[in-house]
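Enquirer: Sharing a structure with you now.
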Amino acid sequence: MLTTLKAVCSMLIIFSMCLTAANIYPYNLYIAVLPTIGWIYISCVWKDKSLIAMNVTALVIYAVGILNYLKSTT
């Protein structure tokens, strides 16, 4: 199961990166959130502190980007 989760999360992160490269905003952020949470889970299972730190940081950055987008549209 963990192998499947890693593969799906990785594919979604790569898809989000492609959206970012194509400047498809904010969908790139929305799509990145769930696989990043998946990678946080995987990192916790592995007890890999550096991966946990990187993915939590990424999640915060995505959340700030989403909040800024929502703030600018209201």
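Naming scheme: A, B, ... for chains in displayed order of the structure tokens; residues 1 onward per chain; ligands 1 onward as shown.
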Compile the contact shell of segment 22-36 of chain A as number ranges by chain: residues with an atom at most 7 Å away, counting only C-alpha atoms, same-chain residues fewer than 3 positions apart removed.

Expert: A: 9, 12-13, 16-19, 39-40, 55, 59, 62, 66

Enquirer: May I have the selected residues written with C-alpha atoms, as a tab-separated table (two decimals), in the first residue's frame?

Expert:
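File written: out_10.tsv
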chain	number	residue	atom	x	y	z
A	9	CYS	CA	1.55	11.14	-4.61
A	12	LEU	CA	0.31	14.20	-8.57
A	13	ILE	CA	3.21	16.37	-7.38
A	16	SER	CA	1.22	20.02	-10.10
A	17	MET	CA	4.72	21.07	-11.18
A	18	CYS	CA	3.63	20.86	-14.83
A	19	LEU	CA	0.66	23.10	-14.02
A	39	TRP	CA	4.18	12.48	1.60
A	40	ILE	CA	3.97	13.81	5.16
A	55	ASN	CA	6.84	18.42	3.14
A	59	LEU	CA	2.26	22.37	2.70
A	62	TYR	CA	0.87	25.95	-0.64
A	66	ILE	CA	-4.11	29.43	-1.64

Enquirer: Kindly give the distance, in Å, that separates atom CA of Thr3 of chain A and atom CA of Lys49 of chain A, rounded to a single decimal.

Expert: 19.2 Å

Enquirer: To one decimal place, how far is atom CA of Thr4 of chain A from atom CA of Met54 of chain A in Å?

Expert: 20.8 Å

Enquirer: So what do you get for atom CA of Ser10 of chain A versus atom CA of Ile42 of chain A, distance-wise?

Expert: 11.4 Å

Enquirer: Choose the residue, out of A:Leu2, A:Met11, A:Ile37, A:Trp46, that has the smallest atom-to-atom separation from Ala58 of chain A; count only C-alpha atoms.

Expert: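 Residue with the minimum atom-to-atom distance to Ala58 of chain A: A:Ile37.
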